[in-house]
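**Student:** Can you read through this structure? Questions will come right after.
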Amino acid sequence: MAPTDPPAPLEGKKRRIAVLTSGGDSPGMNGSVRAVVRMAIHNGCDAFCVYEGYDGLVQGGDMIKHVGWEDVRGFLSEGGTLIGSARCMAFMERPGRLKAAKNMIVKGIDALVVCGGDGSLTGADKFRAEWPGLLSELVDKKELTAEQIKPFEHLNIVGLVGSIDNDLSMTDATIGCYSSLARICEAVDSVDTTATSHQRAFVIEVMGRHCGWLALMAGVSTGADFIFIPESPPGADWQDEMCKIVKKHRSMGKRKTIVIIAEGAHDQQLNKITPSQVKDLLTKKAGLDTRVTTLGHVQRGGTPAAYDRMLATLQGVEAVKAVLDATPETPSPVICMIENKIVRRPLLEAVAQTKKVAEAIEAKDFDKAMDLRDAEFHEYWRAFQITTAAEQPDLMLPENKRMRIGIIHVGAPAGGMNAATRAAVAYCFARGHQPVALHNGFPGLIRHHSDKPLGAVRDMTWLEAEAWASKGGSEIGTNRGLPSEDLETVANVFGTYNIQALFVVGGFEAFTAVSELRKGREHYKAFKIPMVVLPATISNNVPGTEYSIGSDTCLNALITYCDACRQSASASRRRVFVIETQGGESGYIATVAGLSIGAMAVYTPEDGISLKMLDRDIDHLRDVFLQDKGQNRAGKILLVNEKASKTYSVSIIADMIAEAGKGKFESRHGVPGHFQQGTTPSPMDRVRAVRFAVKSVQHIETFAGMSKKDIDEDDMSCVVIGIKGAKVLFSPMEKVEKKETDWKLRRPKDEFWIDLKNIVDMLSGRPKLSEKK
């Protein structure tokens with residue numbers, strides 16, 4: 001007997017969209033579920049959650065639930081997947097998929113968003129390919145009628161990649177990979193102190209059967225001595241090679257040894273390399289007291305990092321847009337992230353390319369396996385090799401190409417400054433350059449360059465910077481002072497100490513400092529040297545880039561603070577926290593943190609704060625708490641950038657909310673202040689610092705041997721490195737200064753993130769000003 005007629009399709013482009021999580025869980029999956037559900041409802045669609053992955057799709061009934069706005073409250077900060085995931089053998093067979101198709105039609109669902117790994121996504125696309133045949137079979141078996149299936153002839157599938165291994169091709173990051181990397185780095189940093197104390201060696205095994213991303217990035221982030229990844233196994237003499245590097249590092253004064261090995265590690269003959277093998281080698285051949293640590297499922301657990309919350313949210317939003325844009329002819333897309341941009345890629349193509357990596361490894365074609373990984377992966381691998389201080393005579397430049405490269409930090413401290421400096425120093429030594437630390441910024445250089453016995457200008461050694469990969473703050477000191485304080489002394493110091501190039505790490509002050517030096521070339525020959533600015537500031541307000549080192553560390557510190565406030569607000573049920581964020585005249589931090597914690601509202605300098613705005617938001621709060629009959633723990637968070645308003649401070653806004661609450665709800669304010677600079681830099685800030693630092697020094701090298709006149713005339717001799725759109729680029733300072741910089745407000749003229757504010761409002765249900773009752 002045929003079931004009750006399924007509900008008719010929604011009018012126009014509106015859909016009934018189901019979301020499921022499948023395969024291994026990963027931190028951030030809940031954020032994607034929340035985004036899909038709320039974006040669907042915002043667009044007038046119906047949202048469904050499928051519980052326990054494909055198993056729920058096959059079982060149907062209550063496993064496929066119609067969900068509302070409030071059902072996904074609090075999802076963002078939760079690890080794992082709250083709607084469950086399960087291995088489903090039934091869905092791998094056609095009869096299972098037949099049941100799943102029937103269950104979807106009975107519920108009237110015509111679009112499916114799948115968050116999982118490549119196996120889950122392959123299953124989803126196979127389901128779509130078979131869909132017409134499955135419907136015909138359901139009619140032939142008289143389980144459904146031709147009339148019942150007619151409105152559901154086409155199934156829309158969209159893939160989101162949830163995987164801690166970051167093993168899908170065509171995307172830089174998968175949901176969960178950076179949270180997992182954070183767990184690994186935390187563990188390695190903890191082991192590090194024990195290793196240093198006892199001069200021990202540690203072999204640390206991380207996940208990654210066919211993909212070495214976690215092992216590679218952990219190696220780059222923590223300054224490991226040696227790593228094993230499946231895509232690029234070591235040569236036949238790897239035992240000697242590893243011991244040689246380890247012994248060399250020890251002879252240079254290093255007290256610890258860290259080796260990171262992916263679980264899928266093997267040699268070039270595909271013989272498995274195990275942690276115990278490596279331990280025995282280090283013990284017997286290198287004579288080191290060695291321990292093994294296998295991190296296991298610790299890597300998968302815990303709350304998601306800020307980046308994974310943002311990535312999951314933006315990809316969930318894009319998935320719903322892709323559903324609404326789809327036609328029967330559109331290939332199933334997978335939502336990807338390239339550098340800083342959300343893009344759609346053909347799902348089948350991405351999965352096929354991913355499988356080719358495993359095939360290339362199996363065929364021992366390791367060059368092809370590396371080529372099939374994205375360019376970023378290859379760059380990090382090369383950066384790791386160059387900065388491990390092994391004997392690499394082929395990297396050494398001839399004497400006339402070697403330079404004395406000044407390294408200076410300018411502005412407030414930001415997570416990753418030390419990692420960038422360590423990478424630049426290691427790269428310099430690999431190539432034969434001499435890195436020169438300019439301590440305590442330009443004021444230090446101006447006032448203390450000739451101090452005895454130790455001045456502010458010091459040649460660096462490899463060992464000095466070696467342990468800086470995971471250190472927060474600035475080990476060579478940083479200062480907001482600018483060279484214009486005394487340009488003549490700066491020029492004389494550059495001349496006296498033969499500074500032939502300058503690598504500047506810092507925020508808007510660093511950008512301003514290099515602008516001053518560039519303009520000073522007219523009067524001082526000493527400034528006619530190649531100069532690169534590596535943006536590093538928690539505010540992410542440097543023109544010429546969409547990403548500044550340190551901003552991710554800040555976001556992680558801020559969401560830790562906000563999660564604690566939300567917990568307090570939720571425990572008290574009817575409480576609102578108004579939290580002040582840093583960021584100067586740029587609302588980036590407030591907006592992205594708002595996206596990552598599910599803030600009810602974000603106030604930024606770009607929009608300012610008006611009485612009308614506050615009135616609208618207080619009315620909205622009143623409505624929300626009025627609808628809450630006690631079933632929800634409806635704590636709320638509002639984020640206010642420090643310069644959003646001269647009049648309305650966080651304490652004033654909190655008082656206004658408390659007054660309006662009339663005892664029905666209450667408010668508190670919080671000012672995390674310098675807590676936002678973070679302590680240990682996040683893995684993303686560490687790895688990007690390494691990548692950008694190596695690229696910066698490589699750019700500087702292109703000017704080796706050039707005359708001061710030629711350098712002065714080349715607009716690429718003074719640049720800012722950054723991510724723009726989907727590329728890492730060097731932009732000429734002169735052009736960025738004139739065309740892209742709002743000098744008065746100390747930020748870029750066009751801020752790439754502005755549209756994210758609409759997503760924050762949309763997902764929090766905040767009404768537009770015109771919608772206020």
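Numbering starts fresh at 1 for the residues of each chain in the structure tokens, the chains themselves are lettered A, B, ... in the order given, and ligands are numbered from 1 as they appear.
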Quick one: residues within 10 Å of Asp189 of chain A, only C-alpha atoms, excluding same-chain residues fewer than 3 positions away - as an MDAnalysis selection string?

**Tutor:** chainID A and resid 183:186 192:195 221:222 469:471 680

**Student:** Save out the residues we just selected, all heavy atoms, as a short mmCIF file (atom, residue, chain, number, x, y, z; two decimals), in the first residue's frame.

**Tutor:**
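What follows is the written file again20.cif:
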```
data_model
loop_
_atom_site.label_atom_id
_atom_site.label_comp_id
_atom_site.auth_asym_id
_atom_site.auth_seq_id
_atom_site.Cartn_x
_atom_site.Cartn_y
_atom_site.Cartn_z
N ARG A 183 45.17 20.39 18.42
CA ARG A 183 45.36 19.36 19.46
C ARG A 183 46.78 18.79 19.38
O ARG A 183 47.45 18.57 20.38
CB ARG A 183 44.39 18.18 19.28
CG ARG A 183 42.95 18.48 19.27
CD ARG A 183 42.32 18.72 20.63
NE ARG A 183 40.98 19.23 20.41
CZ ARG A 183 40.68 20.51 20.16
NH1 ARG A 183 41.64 21.41 20.13
NH2 ARG A 183 39.46 20.90 19.95
N ILE A 184 47.22 18.52 18.15
CA ILE A 184 48.56 17.93 17.95
C ILE A 184 49.64 18.90 18.45
O ILE A 184 50.55 18.51 19.19
CB ILE A 184 48.79 17.58 16.46
CG1 ILE A 184 47.84 16.46 16.03
CG2 ILE A 184 50.23 17.18 16.20
CD1 ILE A 184 47.76 16.24 14.52
N CYS A 185 49.51 20.16 18.04
CA CYS A 185 50.52 21.15 18.43
C CYS A 185 50.56 21.33 19.94
O CYS A 185 51.63 21.48 20.54
CB CYS A 185 50.26 22.49 17.75
SG CYS A 185 50.58 22.43 15.98
N GLU A 186 49.39 21.30 20.54
CA GLU A 186 49.29 21.42 22.01
C GLU A 186 50.06 20.26 22.67
O GLU A 186 50.81 20.46 23.63
CB GLU A 186 47.81 21.33 22.39
CG GLU A 186 47.43 22.07 23.66
CD GLU A 186 45.92 22.00 23.87
OE1 GLU A 186 45.16 22.50 23.01
OE2 GLU A 186 45.53 21.40 24.87
N ASP A 192 57.44 18.93 24.40
CA ASP A 192 58.63 19.74 24.15
C ASP A 192 59.36 20.10 25.45
O ASP A 192 60.60 20.01 25.52
CB ASP A 192 58.17 21.03 23.45
CG ASP A 192 59.20 21.56 22.51
OD1 ASP A 192 59.22 21.15 21.34
OD2 ASP A 192 60.00 22.38 22.96
N THR A 193 58.60 20.52 26.45
CA THR A 193 59.23 20.96 27.70
C THR A 193 59.94 19.80 28.39
O THR A 193 61.03 19.96 28.92
CB THR A 193 58.17 21.58 28.65
OG1 THR A 193 57.09 20.67 28.80
CG2 THR A 193 57.65 22.89 28.10
N THR A 194 59.30 18.61 28.35
CA THR A 194 59.92 17.42 28.95
C THR A 194 61.17 17.03 28.16
O THR A 194 62.21 16.70 28.73
CB THR A 194 58.91 16.25 28.95
OG1 THR A 194 57.83 16.60 29.80
CG2 THR A 194 59.54 14.98 29.47
N ALA A 195 61.04 17.07 26.82
CA ALA A 195 62.17 16.70 25.96
C ALA A 195 63.37 17.60 26.24
O ALA A 195 64.51 17.14 26.36
CB ALA A 195 61.76 16.80 24.49
N SER A 221 54.80 23.65 12.26
CA SER A 221 54.33 24.45 13.41
C SER A 221 55.22 24.33 14.63
O SER A 221 55.31 25.27 15.43
CB SER A 221 52.93 24.01 13.84
OG SER A 221 52.01 24.15 12.82
N THR A 222 55.82 23.15 14.82
CA THR A 222 56.55 22.91 16.07
C THR A 222 58.06 22.89 15.89
O THR A 222 58.79 22.71 16.86
CB THR A 222 56.11 21.57 16.69
OG1 THR A 222 56.40 20.52 15.76
CG2 THR A 222 54.63 21.57 17.01
N ALA A 469 59.43 28.55 17.31
CA ALA A 469 58.25 28.18 16.49
C ALA A 469 56.93 28.36 17.24
O ALA A 469 55.94 28.80 16.67
CB ALA A 469 58.38 26.74 16.00
N SER A 470 56.92 28.00 18.52
CA SER A 470 55.65 28.02 19.26
C SER A 470 55.57 29.15 20.28
O SER A 470 54.65 29.19 21.09
CB SER A 470 55.44 26.68 19.97
OG SER A 470 56.52 26.44 20.85
N LYS A 471 56.53 30.06 20.25
CA LYS A 471 56.53 31.15 21.26
C LYS A 471 55.62 32.31 20.83
O LYS A 471 55.67 32.75 19.68
CB LYS A 471 57.95 31.67 21.47
CG LYS A 471 58.78 30.80 22.38
CD LYS A 471 60.05 31.53 22.81
CE LYS A 471 61.00 30.67 23.62
NZ LYS A 471 60.47 30.20 24.86
N THR A 680 50.08 31.06 23.31
CA THR A 680 50.74 30.28 22.26
C THR A 680 50.07 30.56 20.93
O THR A 680 48.84 30.47 20.83
CB THR A 680 50.63 28.77 22.59
OG1 THR A 680 51.15 28.56 23.90
CG2 THR A 680 51.41 27.94 21.60
#
```

**Student:** Enumerate the residues of segment 441-535 of chain A with a DSSP assignment of strand (DSSP E or B), computed from the backbone, and present them as a PyMOL selection string.

**Tutor:** chain A and resi 457-459+478-479+501-506+531-535

**Student:** Mind checking which residues fall within 7 Å of Gly481 of chain A, counting only C-alpha atoms, ignoring those fewer than 6 positions away in the same chain, and posting them as an mmCIF file with all heavy atoms, in the first residue's frame?

**Tutor:**
```
data_model
loop_
_atom_site.group_PDB
_atom_site.id
_atom_site.type_symbol
_atom_site.label_atom_id
_atom_site.label_comp_id
_atom_site.auth_asym_id
_atom_site.auth_seq_id
_atom_site.Cartn_x
_atom_site.Cartn_y
_atom_site.Cartn_z
ATOM 1 N N GLY A 441 62.301 47.196 17.813
ATOM 2 C CA GLY A 441 61.754 48.098 16.799
ATOM 3 C C GLY A 441 62.670 49.256 16.470
ATOM 4 O O GLY A 441 63.860 49.260 16.799
ATOM 5 N N PHE A 442 62.089 50.286 15.825
ATOM 6 C CA PHE A 442 62.910 51.426 15.396
ATOM 7 C C PHE A 442 63.413 52.277 16.565
ATOM 8 O O PHE A 442 64.565 52.739 16.528
ATOM 9 C CB PHE A 442 62.150 52.266 14.358
ATOM 10 C CG PHE A 442 62.140 51.617 13.009
ATOM 11 C CD1 PHE A 442 61.017 50.938 12.541
ATOM 12 C CD2 PHE A 442 63.273 51.644 12.200
ATOM 13 C CE1 PHE A 442 61.021 50.307 11.305
ATOM 14 C CE2 PHE A 442 63.283 51.023 10.956
ATOM 15 C CZ PHE A 442 62.165 50.349 10.508
ATOM 16 N N PRO A 443 62.620 52.473 17.646
ATOM 17 C CA PRO A 443 63.184 53.214 18.783
ATOM 18 C C PRO A 443 64.405 52.511 19.370
ATOM 19 O O PRO A 443 65.386 53.168 19.756
ATOM 20 C CB PRO A 443 62.025 53.243 19.790
ATOM 21 C CG PRO A 443 60.799 53.155 18.942
ATOM 22 C CD PRO A 443 61.175 52.235 17.817
#
```

**Student:** For Phe577 of chain A, please output as a ChimeraX atom specification all residues within 9 Å (counting only C-alpha atoms; exclusion window: fewer than 5 positions along the same chain).

**Tutor:** /A:562,565-566,569,635-639,654,666-670

**Student:** Would you mind exporting the chosen residues as a JSON list (two decimals), in the first residue's frame, restricted to C-alpha atoms?

**Tutor:**
```json
[["chain", "number", "residue", "atom", "x", "y", "z"],
["A", 562, "CYS", "CA", 33.10, 34.20, 24.68],
["A", 565, "CYS", "CA", 30.62, 33.98, 28.92],
["A", 566, "ARG", "CA", 28.02, 32.07, 26.91],
["A", 569, "ALA", "CA", 24.75, 33.33, 30.24],
["A", 635, "GLY", "CA", 21.97, 33.23, 26.79],
["A", 636, "LYS", "CA", 23.00, 35.87, 24.25],
["A", 637, "ILE", "CA", 26.25, 37.57, 23.25],
["A", 638, "LEU", "CA", 26.75, 40.98, 21.61],
["A", 639, "LEU", "CA", 30.21, 41.96, 20.35],
["A", 654, "ALA", "CA", 24.80, 46.55, 29.03],
["A", 666, "GLU", "CA", 19.73, 40.82, 32.76],
["A", 667, "SER", "CA", 23.04, 41.82, 31.23],
["A", 668, "ARG", "CA", 26.76, 41.87, 31.97],
["A", 669, "HIS", "CA", 29.69, 43.41, 30.11],
["A", 670, "GLY", "CA", 33.18, 42.01, 29.56]]
```

**Student:** Could you list, as a list of chain:residue names, every residue within 10 Å of Gly108 of chain A, counting only C-alpha atoms and ignoring same-chain residues fewer than 2 positions away?

**Tutor:** A:Asp5, A:Pro6, A:Pro7, A:Ala8, A:Pro9, A:Leu10, A:Arg15, A:Arg16, A:Ile17, A:Asp46, A:Lys102, A:Asn103, A:Met104, A:Ile105, A:Val106, A:Asp110, A:Ala111, A:Gln148, A:Ile149, A:Pro151, A:Phe152

**Student:** Report as JSON, numbers by chain: the residues of segment 588-665 of chain A with a DSSP assignment of alpha helix (DSSP H), based on the backbone of this structure.

**Tutor:** {"A": [588, 589, 590, 591, 592, 593, 594, 595, 596, 597, 611, 612, 613, 614, 615, 616, 617, 618, 619, 620, 621, 622, 623, 624, 625, 626, 627, 650, 651, 652, 653, 654, 655, 656, 657, 658, 659, 660, 661]}

**Student:** Write out, as a tab-separated table (two decimals), in the first residue's frame, the residues just selected, with C-alpha atoms.

**Tutor:**
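Final output, selection-v7.tsv:
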```tsv
chain	number	residue	atom	x	y	z
A	588	TYR	CA	37.20	42.30	11.21
A	589	ILE	CA	37.87	40.64	14.58
A	590	ALA	CA	34.42	41.50	15.98
A	591	THR	CA	32.69	40.24	12.81
A	592	VAL	CA	34.56	36.95	12.39
A	593	ALA	CA	34.36	36.24	16.13
A	594	GLY	CA	30.61	36.97	15.87
A	595	LEU	CA	30.39	34.44	13.05
A	596	SER	CA	32.38	31.88	15.07
A	597	ILE	CA	30.38	32.12	18.30
A	611	LEU	CA	20.19	54.79	19.17
A	612	LYS	CA	17.88	53.34	16.50
A	613	MET	CA	20.18	50.29	16.20
A	614	LEU	CA	20.24	49.69	19.94
A	615	ASP	CA	16.48	50.18	20.13
A	616	ARG	CA	15.98	47.55	17.39
A	617	ASP	CA	18.32	45.05	19.07
A	618	ILE	CA	16.79	45.52	22.53
A	619	ASP	CA	13.33	44.94	21.02
A	620	HIS	CA	14.66	41.79	19.37
A	621	LEU	CA	16.08	40.57	22.69
A	622	ARG	CA	12.74	41.24	24.35
A	623	ASP	CA	10.97	39.17	21.66
A	624	VAL	CA	13.44	36.30	21.96
A	625	PHE	CA	13.14	36.08	25.74
A	626	LEU	CA	9.36	36.44	25.52
A	627	GLN	CA	9.14	33.42	23.20
A	650	VAL	CA	29.99	48.16	26.46
A	651	SER	CA	29.01	49.15	30.02
A	652	ILE	CA	26.47	51.71	28.75
A	653	ILE	CA	24.97	49.20	26.28
A	654	ALA	CA	24.80	46.55	29.03
A	655	ASP	CA	23.04	49.06	31.35
A	656	MET	CA	20.53	49.96	28.61
A	657	ILE	CA	19.74	46.26	28.06
A	658	ALA	CA	19.35	45.62	31.78
A	659	GLU	CA	17.03	48.63	32.09
A	660	ALA	CA	14.92	47.42	29.15
A	661	GLY	CA	14.81	43.89	30.62
```

**Student:** Using only C-alpha atoms, which residue out of A:Ile175, A:Leu270, A:Leu20, A:Leu216 lies closest to His378 of chain A?

**Tutor:** A:Leu216

**Student:** Using only C-alpha atoms, which of A:Lys528, A:Arg766, A:Arg688, A:Arg746 sits nearest Asp714 of chain A?

**Tutor:**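 With only C-alpha atoms as the atom set, the closest residue is A:Lys528.
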
**Student:** Hey, can you check how far atom CA of Glu147 of chain A sits from atom CA of Lys13 of chain A?

**Tutor:**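 Between atom CA of Glu147 of chain A and atom CA of Lys13 of chain A the gap works out to 20.5 Å.
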
**Student:** So how many Å separate atom CA of Gly472 of chain A and atom CA of Ala456 of chain A, to one decimal?

**Tutor:** 20.6 Å

**Student:** Separation of atom CA of Arg94 of chain A and atom CA of Ala352 of chain A, in Å?

**Tutor:**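 Taking atom CA of Arg94 of chain A as the start and atom CA of Ala352 of chain A as the end point, the length is 21.5 Å.
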
**Student:** Name all residues at most 8 Å from segment 428-436 of chain A (count only C-alpha atoms; drop same-chain ones fewer than 3 positions away) and give them as a list in words.

**Tutor:**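 Contacts, in chain order: Ile386, Thr387, Ala389, Gln392, Leu395, Met396, Leu397, Glu399, Arg402, Met403, Arg404, Ile405, Gly406, Ile407, Ala424, Val425, Val457, Arg458, Asp459, Met460, Trp462, Ile499 and Val697 of chain A.
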
**Student:** Produce a file of the selected residues containing C-alpha atoms, as a PDB file, in the first residue's frame.

**Tutor:**
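Final output, saved to result.pdb:
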```pdb
ATOM      1  CA  ILE A 386      64.823  24.174   3.812  1.00  0.00           C
ATOM      2  CA  THR A 387      64.357  25.279   7.410  1.00  0.00           C
ATOM      3  CA  ALA A 389      69.176  22.996   8.991  1.00  0.00           C
ATOM      4  CA  GLN A 392      72.067  21.070   1.823  1.00  0.00           C
ATOM      5  CA  LEU A 395      70.979  25.436  -1.573  1.00  0.00           C
ATOM      6  CA  MET A 396      74.020  27.593  -0.736  1.00  0.00           C
ATOM      7  CA  LEU A 397      74.276  30.715  -2.878  1.00  0.00           C
ATOM      8  CA  GLU A 399      79.355  34.564  -2.061  1.00  0.00           C
ATOM      9  CA  ARG A 402      74.672  36.381  -0.049  1.00  0.00           C
ATOM     10  CA  MET A 403      73.176  39.256   1.922  1.00  0.00           C
ATOM     11  CA  ARG A 404      72.967  40.722   5.400  1.00  0.00           C
ATOM     12  CA  ILE A 405      69.221  40.761   6.024  1.00  0.00           C
ATOM     13  CA  GLY A 406      67.820  42.931   8.805  1.00  0.00           C
ATOM     14  CA  ILE A 407      64.777  41.536  10.672  1.00  0.00           C
ATOM     15  CA  ALA A 424      63.476  33.547   7.990  1.00  0.00           C
ATOM     16  CA  VAL A 425      66.610  32.903  10.097  1.00  0.00           C
ATOM     17  CA  VAL A 457      71.728  45.413  16.190  1.00  0.00           C
ATOM     18  CA  ARG A 458      72.856  41.796  16.549  1.00  0.00           C
ATOM     19  CA  ASP A 459      73.910  39.066  14.137  1.00  0.00           C
ATOM     20  CA  MET A 460      71.778  36.000  14.859  1.00  0.00           C
ATOM     21  CA  TRP A 462      70.629  29.393  14.111  1.00  0.00           C
ATOM     22  CA  ILE A 499      72.064  46.067   6.198  1.00  0.00           C
ATOM     23  CA  VAL A 697      63.257  36.103   1.857  1.00  0.00           C
TER      24      VAL A 697
END
```

**Student:** Which residues come within 6 Å of segment 244-259 of chain A, counting only C-alpha atoms, excluding same-chain residues fewer than 3 positions away, as an NGL selection string?

**Tutor:** :A and (195-196 or 199-203 or 224-227 or 240-241 or 390)

**Student:** Convert the current residue selection to file output with N, CA and C atoms, as a PDB file, in the first residue's frame.

**Tutor:**
```pdb
ATOM      1  N   ALA A 195      61.037  17.068  26.822  1.00  0.00           N
ATOM      2  CA  ALA A 195      62.171  16.698  25.960  1.00  0.00           C
ATOM      3  C   ALA A 195      63.369  17.603  26.236  1.00  0.00           C
ATOM      4  N   THR A 196      63.120  18.913  26.354  1.00  0.00           N
ATOM      5  CA  THR A 196      64.206  19.870  26.598  1.00  0.00           C
ATOM      6  C   THR A 196      64.814  19.653  27.984  1.00  0.00           C
ATOM      7  N   GLN A 199      66.786  16.366  27.754  1.00  0.00           N
ATOM      8  CA  GLN A 199      67.523  16.172  26.489  1.00  0.00           C
ATOM      9  C   GLN A 199      67.061  14.908  25.778  1.00  0.00           C
ATOM     10  N   ARG A 200      65.739  14.681  25.792  1.00  0.00           N
ATOM     11  CA  ARG A 200      65.186  13.455  25.197  1.00  0.00           C
ATOM     12  C   ARG A 200      64.801  13.642  23.738  1.00  0.00           C
ATOM     13  N   ALA A 201      64.509  12.506  23.111  1.00  0.00           N
ATOM     14  CA  ALA A 201      63.897  12.499  21.775  1.00  0.00           C
ATOM     15  C   ALA A 201      62.481  11.957  21.926  1.00  0.00           C
ATOM     16  N   PHE A 202      61.548  12.533  21.182  1.00  0.00           N
ATOM     17  CA  PHE A 202      60.170  12.037  21.180  1.00  0.00           C
ATOM     18  C   PHE A 202      59.740  11.730  19.751  1.00  0.00           C
ATOM     19  N   VAL A 203      59.138  10.540  19.576  1.00  0.00           N
ATOM     20  CA  VAL A 203      58.559  10.166  18.282  1.00  0.00           C
ATOM     21  C   VAL A 203      57.046  10.259  18.455  1.00  0.00           C
ATOM     22  N   ALA A 224      59.796  20.571  14.151  1.00  0.00           N
ATOM     23  CA  ALA A 224      60.265  19.188  14.317  1.00  0.00           C
ATOM     24  C   ALA A 224      61.574  18.980  13.544  1.00  0.00           C
ATOM     25  N   ASP A 225      62.331  17.968  13.971  1.00  0.00           N
ATOM     26  CA  ASP A 225      63.618  17.683  13.324  1.00  0.00           C
ATOM     27  C   ASP A 225      63.446  16.847  12.063  1.00  0.00           C
ATOM     28  N   PHE A 226      62.430  15.993  12.076  1.00  0.00           N
ATOM     29  CA  PHE A 226      62.242  15.089  10.928  1.00  0.00           C
ATOM     30  C   PHE A 226      60.766  14.695  10.894  1.00  0.00           C
ATOM     31  N   ILE A 227      60.212  14.528   9.686  1.00  0.00           N
ATOM     32  CA  ILE A 227      58.824  14.068   9.573  1.00  0.00           C
ATOM     33  C   ILE A 227      58.719  12.968   8.517  1.00  0.00           C
ATOM     34  N   ASP A 240      70.093   6.645   8.031  1.00  0.00           N
ATOM     35  CA  ASP A 240      71.316   7.460   8.165  1.00  0.00           C
ATOM     36  C   ASP A 240      70.994   8.941   8.067  1.00  0.00           C
ATOM     37  N   GLU A 241      70.087   9.258   7.121  1.00  0.00           N
ATOM     38  CA  GLU A 241      69.723  10.664   6.884  1.00  0.00           C
ATOM     39  C   GLU A 241      69.112  11.292   8.144  1.00  0.00           C
ATOM     40  N   ALA A 390      69.518  20.927   7.770  1.00  0.00           N
ATOM     41  CA  ALA A 390      70.327  19.775   7.351  1.00  0.00           C
ATOM     42  C   ALA A 390      71.404  20.290   6.395  1.00  0.00           C
TER      43      ALA A 390
END
```

**Student:** For Ala319 of chain A, which residue out of A:Ala182, A:Val37, A:Ile229, A:Ala173 is the nearest one, using only C-alpha atoms?

**Tutor:**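 Comparing A:Ala182, A:Val37, A:Ile229, A:Ala173 against Ala319 of chain A, the winner is A:Val37.
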
**Student:** List every residue of segment 122-209 of chain A that has an atom at most 12 Å from any atom of segment 297-305 of chain A, giving for each one its closest atom pair and the distance in Å to one decimal, counting only C-alpha atoms, sorted by chain and then by ascending residue number, as JSON lines.

**Tutor:**
```
{"residue": "A:Gly162", "atom": "CA", "partner": "A:Arg300", "partner_atom": "CA", "distance": 11.3}
{"residue": "A:Ser163", "atom": "CA", "partner": "A:Arg300", "partner_atom": "CA", "distance": 9.3}
{"residue": "A:Ile164", "atom": "CA", "partner": "A:Arg300", "partner_atom": "CA", "distance": 6.8}
{"residue": "A:Asp165", "atom": "CA", "partner": "A:Arg300", "partner_atom": "CA", "distance": 9.6}
{"residue": "A:Ile175", "atom": "CA", "partner": "A:Pro304", "partner_atom": "CA", "distance": 9.2}
{"residue": "A:Gly176", "atom": "CA", "partner": "A:Pro304", "partner_atom": "CA", "distance": 6.9}
{"residue": "A:Cys177", "atom": "CA", "partner": "A:Arg300", "partner_atom": "CA", "distance": 8.9}
{"residue": "A:Tyr178", "atom": "CA", "partner": "A:Ala305", "partner_atom": "CA", "distance": 6.9}
{"residue": "A:Ser179", "atom": "CA", "partner": "A:Ala305", "partner_atom": "CA", "distance": 4.9}
{"residue": "A:Ser180", "atom": "CA", "partner": "A:Gln299", "partner_atom": "CA", "distance": 4.9}
{"residue": "A:Leu181", "atom": "CA", "partner": "A:Gln299", "partner_atom": "CA", "distance": 7.4}
{"residue": "A:Ala182", "atom": "CA", "partner": "A:Ala305", "partner_atom": "CA", "distance": 7.7}
{"residue": "A:Arg183", "atom": "CA", "partner": "A:Gln299", "partner_atom": "CA", "distance": 5.5}
{"residue": "A:Ile184", "atom": "CA", "partner": "A:Gln299", "partner_atom": "CA", "distance": 6.3}
{"residue": "A:Cys185", "atom": "CA", "partner": "A:Gln299", "partner_atom": "CA", "distance": 9.8}
{"residue": "A:Glu186", "atom": "CA", "partner": "A:Gln299", "partner_atom": "CA", "distance": 10.1}
{"residue": "A:Ala187", "atom": "CA", "partner": "A:Gln299", "partner_atom": "CA", "distance": 9.4}
{"residue": "A:Val188", "atom": "CA", "partner": "A:Gln299", "partner_atom": "CA", "distance": 11.8}
{"residue": "A:Glu205", "atom": "CA", "partner": "A:Gln299", "partner_atom": "CA", "distance": 10.7}
{"residue": "A:Val206", "atom": "CA", "partner": "A:Gln299", "partner_atom": "CA", "distance": 7.9}
{"residue": "A:Met207", "atom": "CA", "partner": "A:Gln299", "partner_atom": "CA", "distance": 7.7}
{"residue": "A:Gly208", "atom": "CA", "partner": "A:Gln299", "partner_atom": "CA", "distance": 10.9}
```
